[in-house]
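Read through the structure below, which is laid out as structure tokens, and then see the notes.
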Amino acid sequence: MLLVSVSIDANAQKTLRGKVFAPVKMDGVGFGSDKETFDALPGASVFWKGGEIGAVTDAYGFFQIDVRRNPDTLRVSMVGYKTVDVLYRGESYLDVPLEQGVLLESADVVFEESTQSISLLNPLNIQQLSRKELCKAACCNLSEAFETNASVDASFTDAVTGTRQIHMLGLAGKYTQLLVDNLPGPRGLNVVQGMSFIPGPWIESIFISKGVGTVASGYESFTGQINVAHRNADSAEPFHLNLFLAGTGRMEFNHVSRHQVGRRWETVLMTHGEYGQRVNDRNGPDNDLDGKRDGDGFLDTPLKKDGVVRNEWRFIGDRGLRADIAFVGAEMVREGGMTGENPLWTASTNIRRAEVNAKIGYVLPGKEGRSWGSQWTASNHRHIQRFGNRDYDGEQKTFRANVLRSGFLGSEDVEFSAGVSYLYDDFLERGTWGATPMESSPSSDTLMRTEHVPGAFLETTWKGNDRGMVVAGLRVDHHNLWGTIFTPRIHARWSATEQTSLKLVAGTGFRTPNVLMEELGAWASNRTWILDGPLEPEQGWNAGVNVTSKFKLFYRDADFALDGYWTEFQNRAVVDFDADAHEVCVYNLGNREARSLTAQAELGWSVHRRWDMRLAYRFVHAVTERDGAEAAGTMLDPYVPRHRAFSQWSYSSKVNDRGANWTGDVTLQWVGPQRIPRPDVLLDSRPQSVLEDDFVVVNAQVSRVFSPGIDLYLGVENVLNFRQGNPILGWDLANTSDVSTFQENFDASLVYGPILGRMAYIGGRWTLGQADKGVR
């Protein structure tokens, strides 16, 4: 089924945007000779003359600055160029050319692009990860893109499928709303595996927002939003190729290319392929004879064949009309489980997905900051899998439409964004998840659900003065199954100084659970699913506070952020692994309590012009009342470490005359003790309340840029070679005569740490041309 998603930048023009550049005359022979081109000027200062509000242009010369009351003159300056004063007449965008001033032949001007940044002016607590940040690790797909980030955790769901899931603010990734180019991203049956369909080399930047998001994006956000911005017609180079090879035999191919098609049309084509057929089995017990680990008879990494294609088309009209249309197709084929002939337990996954996205917008002529927009998306997702003697066949059909209007209320100090939306979700899940391990011919189970959700929202932005801003929103949706849903949310920012801001957020979240796919790791066991009646929607509140400050530490740039967030559920789909060692019990929270409290401190510092460092510490207290809490001896949520510390060091050598240099990155994470559900006492006699030991994971990477557009990278994950001991319960019974005991107790879902050990990888990038980075 086609998925069409039409979208525009729905937000009203809240700030003055522009670009600072220097005209360059091309006098040479060849392409572009005798033509005037433009060099972007990063690091230029932009501020209102006689005022305190200022900004600095980014790596591509772009800036954005708040428009103060009764603005007059914008002053732009940069070392080596003449200062320019621009009379402001209410424009929303400005191009500012600078002429060269006094030339200093003996001076080198060096601009350092920040790979992670937090805006002090945006009332939302948003952290931006640039493409350069993603290149610091083996970012093969979105689920692996947070290795160098302290706010989002990624861990394996089990020891069989190789699937990763994220956690944020102490809760699983299903409570974080994932967006792709500001459109709905992985959700529903695709919420876990869907991150594998977004390759890292396709990503231009990632925006991580803590706390509930804005109402314009819907009602499903609890702990935050993650928006992934693809390389597009503005940011993609004419050609980019990335090749990757891991020590496990995993091979990847990624390609991005941009093409001009006529005067008004541009297209970007992206392709991704992943192939791995090597048998890896190294995570068994220690062998006392040779000091090495023997295999446990199960594949450490599944055999895989994945492919994804994305084709985006952009149209820019002469009279304010703009459209972006994207077509995406993906297929995943994976096999895992036991090795050898006639295995007792195997796993297979086959996913096929098709979607179309479109964003269409229209800026009203002569009315800057006022626009109409629409977003459309449609998709068909099919997920077929078999784990042991149980199978699953799920299909989700989705259609979503948004029509948006932005403008001002009375004055430019009060902006609004309003819209109406419609969501259609059709779920059909069939399988034998309720079967016991001993059933040779289990009966089939079926879950069906169709949702129709029309809704409307209004969001207003108040700019009381230069120091404060409030974004308040309310959306009302009518769900055909659950009735009327009210979603209030508020974000506020107050600037104590020019370099210190305080941000507050509060609001509600609402979502319909899809536990069979959201708890994918539970399938890697012989536990029987027990669904206690129909599941009600999950509802909860989230509130948080953040303080961010940028300052100089020993004359070098530094930033410090301190935040705390509280999430309280009114209802939750409780997935209980503690009630019975052979069951996965799922039921509504009811009158029980479930909450999560997190606090995090993070310091970033440019230690030297060649060295950058980042330190972070996070505390999490996540608890849920459940039937198995008494047996477990605690209400602590499993797989959630209470303490986690993070450190990253980055080095970059001086760029020589050929544009070559070296870069190096080391990331260290300390993961504190955490609880995992305990299996049957016959195979594991430890009390269920015991916490697993803490551990340290170190990742390192070295990159060599030979010339602009050609670089090679070499890295090692899990340098210290920490591995969870015996991640597969009952593996030693598989080849014995006691087959029934194996079938009843096998469990590969109790994974809390790395299972692969040390892994080396190598890759290369080849890029031709430069991105447009322009505004047309």
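Ordering of the structure tokens sets the chain letters (A, B, ...), residue numbers begin anew at 1 in every chain, and ligands are numbered from 1 in the order given.
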Counting only C-alpha atoms, give me one row per residue of region 670-764 of chain A with an atom at most 8 Å from an atom of region 436-449 of chain A, showing the shortest contact pair and its distance in Å to one decimal, sorted by chain then residue number, as CSV.
```
residue,atom,partner,partner_atom,distance
A:Ser740,CA,A:Met438,CA,7.4
A:Gln743,CA,A:Pro437,CA,5.7
A:Glu744,CA,A:Pro437,CA,5.9
```
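You will find CA of Ala629 (chain A) at 15.8 Å from CA of His582 (chain A).
CA of Ala543 (chain A) sits 14.0 Å away from CA of Pro123 (chain A).
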Which residues in region 508-757 of chain A does DSSP call strand (DSSP E or B)? List them as a count of residues only. 127
Which residues come within 8 Å of region 169-178 of chain A, counting only C-alpha atoms, excluding same-chain residues fewer than 6 positions away, as a list in words?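 Here the answer would be Ser151, Val152, Pro184, Gly185, Pro186, Arg187, Val191, Val192, Glu220, Ser221, Phe222, Thr223, Gly224, Gln225, Ile226, Asn227, Val228, Glu518, Tyr565, Ser596, Leu597, Thr598, Val620, His621, Ala622 and Val640 of chain A.
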Okay, now the selection with N, CA and C atoms, as a short mmCIF file (atom, residue, chain, number, x, y, z; two decimals), in the first residue's frame?
```cif
data_model
loop_
_atom_site.label_atom_id
_atom_site.label_comp_id
_atom_site.auth_asym_id
_atom_site.auth_seq_id
_atom_site.Cartn_x
_atom_site.Cartn_y
_atom_site.Cartn_z
N SER A 151 21.82 11.01 26.77
CA SER A 151 20.40 11.12 27.11
C SER A 151 19.59 9.91 26.69
N VAL A 152 20.05 9.18 25.66
CA VAL A 152 19.31 8.04 25.13
C VAL A 152 20.19 6.80 25.23
N PRO A 184 5.29 11.13 11.28
CA PRO A 184 5.32 9.95 12.15
C PRO A 184 6.36 8.94 11.70
N GLY A 185 7.20 8.51 12.62
CA GLY A 185 8.23 7.52 12.34
C GLY A 185 7.81 6.14 12.83
N PRO A 186 8.77 5.29 13.22
CA PRO A 186 8.44 3.95 13.69
C PRO A 186 7.47 3.97 14.87
N ARG A 187 6.36 3.26 14.74
CA ARG A 187 5.33 3.18 15.77
C ARG A 187 4.49 1.94 15.51
N VAL A 191 7.57 -0.30 15.94
CA VAL A 191 8.21 0.61 16.88
C VAL A 191 9.62 0.17 17.25
N VAL A 192 9.92 -1.12 17.29
CA VAL A 192 11.26 -1.60 17.65
C VAL A 192 12.11 -1.84 16.41
N GLU A 220 0.97 11.04 21.36
CA GLU A 220 1.62 9.80 21.77
C GLU A 220 2.92 9.99 22.55
N SER A 221 3.41 11.19 22.67
CA SER A 221 4.68 11.42 23.36
C SER A 221 4.50 11.44 24.87
N PHE A 222 5.31 10.64 25.59
CA PHE A 222 5.32 10.64 27.06
C PHE A 222 6.63 11.25 27.56
N THR A 223 7.74 10.64 27.18
CA THR A 223 9.04 11.03 27.73
C THR A 223 9.83 11.95 26.81
N GLY A 224 9.42 12.10 25.57
CA GLY A 224 10.15 12.97 24.66
C GLY A 224 9.85 12.67 23.21
N GLN A 225 10.54 13.40 22.34
CA GLN A 225 10.44 13.21 20.91
C GLN A 225 11.84 13.11 20.32
N ILE A 226 12.00 12.24 19.35
CA ILE A 226 13.24 12.16 18.58
C ILE A 226 12.87 12.35 17.12
N ASN A 227 13.35 13.45 16.54
CA ASN A 227 13.07 13.75 15.14
C ASN A 227 14.34 13.52 14.32
N VAL A 228 14.24 12.66 13.33
CA VAL A 228 15.36 12.33 12.46
C VAL A 228 15.20 13.10 11.15
N GLU A 518 6.01 -4.67 20.88
CA GLU A 518 6.79 -3.76 21.74
C GLU A 518 7.69 -4.52 22.69
N TYR A 565 13.16 15.00 35.45
CA TYR A 565 11.85 14.73 34.83
C TYR A 565 11.11 13.68 35.65
N SER A 596 8.30 7.10 36.99
CA SER A 596 9.73 7.15 36.71
C SER A 596 10.25 8.54 37.03
N LEU A 597 11.36 8.60 37.77
CA LEU A 597 12.01 9.86 38.11
C LEU A 597 13.45 9.80 37.63
N THR A 598 13.88 10.82 36.89
CA THR A 598 15.24 10.86 36.39
C THR A 598 15.86 12.22 36.67
N VAL A 620 18.18 7.21 37.82
CA VAL A 620 16.83 6.80 37.41
C VAL A 620 16.20 5.98 38.52
N HIS A 621 14.97 6.31 38.85
CA HIS A 621 14.18 5.52 39.79
C HIS A 621 12.84 5.22 39.12
N ALA A 622 12.72 4.01 38.54
CA ALA A 622 11.52 3.60 37.82
C ALA A 622 10.91 2.41 38.53
N VAL A 640 16.55 -1.56 34.01
CA VAL A 640 16.73 -0.11 34.16
C VAL A 640 17.78 0.14 35.23
#
```
Could you tell me, as a list in words, which residues of region 121-344 of chain A DSSP assigns to alpha helix (DSSP H) when given the backbone?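 Answer for region 121-344 of chain A restricted to alpha helix (DSSP H) is Arg131, Lys132, Glu133 and Leu134 of chain A.
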Go ahead and write the selection's residues with all heavy atoms as a tab-separated table (two decimals), in the first residue's frame.
```tsv
chain	number	residue	atom	x	y	z
A	131	ARG	N	25.58	15.48	11.73
A	131	ARG	CA	26.11	14.36	10.96
A	131	ARG	C	27.52	14.01	11.43
A	131	ARG	O	27.92	12.84	11.47
A	131	ARG	CB	26.14	14.73	9.47
A	131	ARG	CG	26.51	13.57	8.56
A	131	ARG	CD	26.84	14.02	7.15
A	131	ARG	NE	25.80	14.83	6.53
A	131	ARG	CZ	25.90	15.26	5.27
A	131	ARG	NH1	26.96	14.96	4.55
A	131	ARG	NH2	24.94	16.00	4.76
A	132	LYS	N	28.29	15.01	11.80
A	132	LYS	CA	29.65	14.78	12.29
A	132	LYS	C	29.63	13.98	13.59
A	132	LYS	O	30.51	13.13	13.82
A	132	LYS	CB	30.36	16.12	12.50
A	132	LYS	CG	31.83	15.99	12.88
A	132	LYS	CD	32.47	17.36	12.99
A	132	LYS	CE	33.94	17.25	13.40
A	132	LYS	NZ	34.58	18.58	13.53
A	133	GLU	N	28.66	14.21	14.44
A	133	GLU	CA	28.55	13.45	15.69
A	133	GLU	C	28.25	11.99	15.41
A	133	GLU	O	28.78	11.09	16.07
A	133	GLU	CB	27.46	14.06	16.57
A	133	GLU	CG	27.20	13.31	17.87
A	133	GLU	CD	28.34	13.40	18.85
A	133	GLU	OE1	29.16	14.34	18.74
A	133	GLU	OE2	28.41	12.53	19.74
A	134	LEU	N	27.40	11.72	14.43
A	134	LEU	CA	27.04	10.35	14.09
A	134	LEU	C	28.22	9.59	13.52
A	134	LEU	O	28.25	8.35	13.57
A	134	LEU	CB	25.88	10.34	13.09
A	134	LEU	CG	24.59	11.02	13.56
A	134	LEU	CD1	23.52	10.93	12.48
A	134	LEU	CD2	24.08	10.41	14.86
```
Measuring between only C-alpha atoms, which one of A:Ser257, A:Thr508, A:Gln385, A:Asn402 shows the shortest distance to Thr432 (chain A)? A:Gln385
Produce a table with one row for each residue of region 341-416 of chain A that has an atom at most 12 Å from any atom of region 524-542 of chain A, each row naming the nearest atom pair and its distance in Å at one decimal; use only C-alpha atoms; arrange rows by chain and rising residue number; format as a Markdown table.
```
| residue | atom | partner | partner_atom | distance |
| --- | --- | --- | --- | --- |
| A:Leu344 | CA | A:Asn526 | CA | 11.9 |
| A:Trp345 | CA | A:Ser525 | CA | 9.6 |
| A:Thr346 | CA | A:Ala524 | CA | 9.4 |
| A:Ala347 | CA | A:Ala524 | CA | 7.9 |
| A:Ser348 | CA | A:Ala524 | CA | 10.7 |
| A:Thr349 | CA | A:Ala524 | CA | 11.8 |
| A:Gln385 | CA | A:Ala524 | CA | 11.2 |
| A:Arg386 | CA | A:Ala524 | CA | 9.9 |
| A:Phe387 | CA | A:Ala524 | CA | 6.6 |
| A:Gly388 | CA | A:Asn526 | CA | 7.5 |
| A:Asn389 | CA | A:Asn526 | CA | 8.8 |
| A:Arg390 | CA | A:Asn526 | CA | 8.9 |
| A:Asp391 | CA | A:Ala524 | CA | 11.7 |
```
Residue neighbourhood His491 (chain A), 12 Å, only C-alpha atoms, exclusion window fewer than 2 positions, as a PyMOL selection string: chain A and resi 122-126+209-215+459-462+468-474+488-489+493-494+502-507+542-546
Let me make sure I understand: among A:Ala456, A:Met251, A:Ala378, A:Leu243, which one has the smallest atom-to-atom distance to Val356 (chain A) if we use only C-alpha atoms?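 With only C-alpha atoms as the atom set, the closest residue is A:Ala378.
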Excluding Gly317 (chain A) and residues on its chain fewer than 6 positions from it, collect all residues at most 10 Å away from it, counting only C-alpha atoms, and give them as a list in words.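 After dropping sequence-adjacent residues, the list is Arg263, Arg264, Trp265, Ala323, Tyr362 and Arg776 of chain A.
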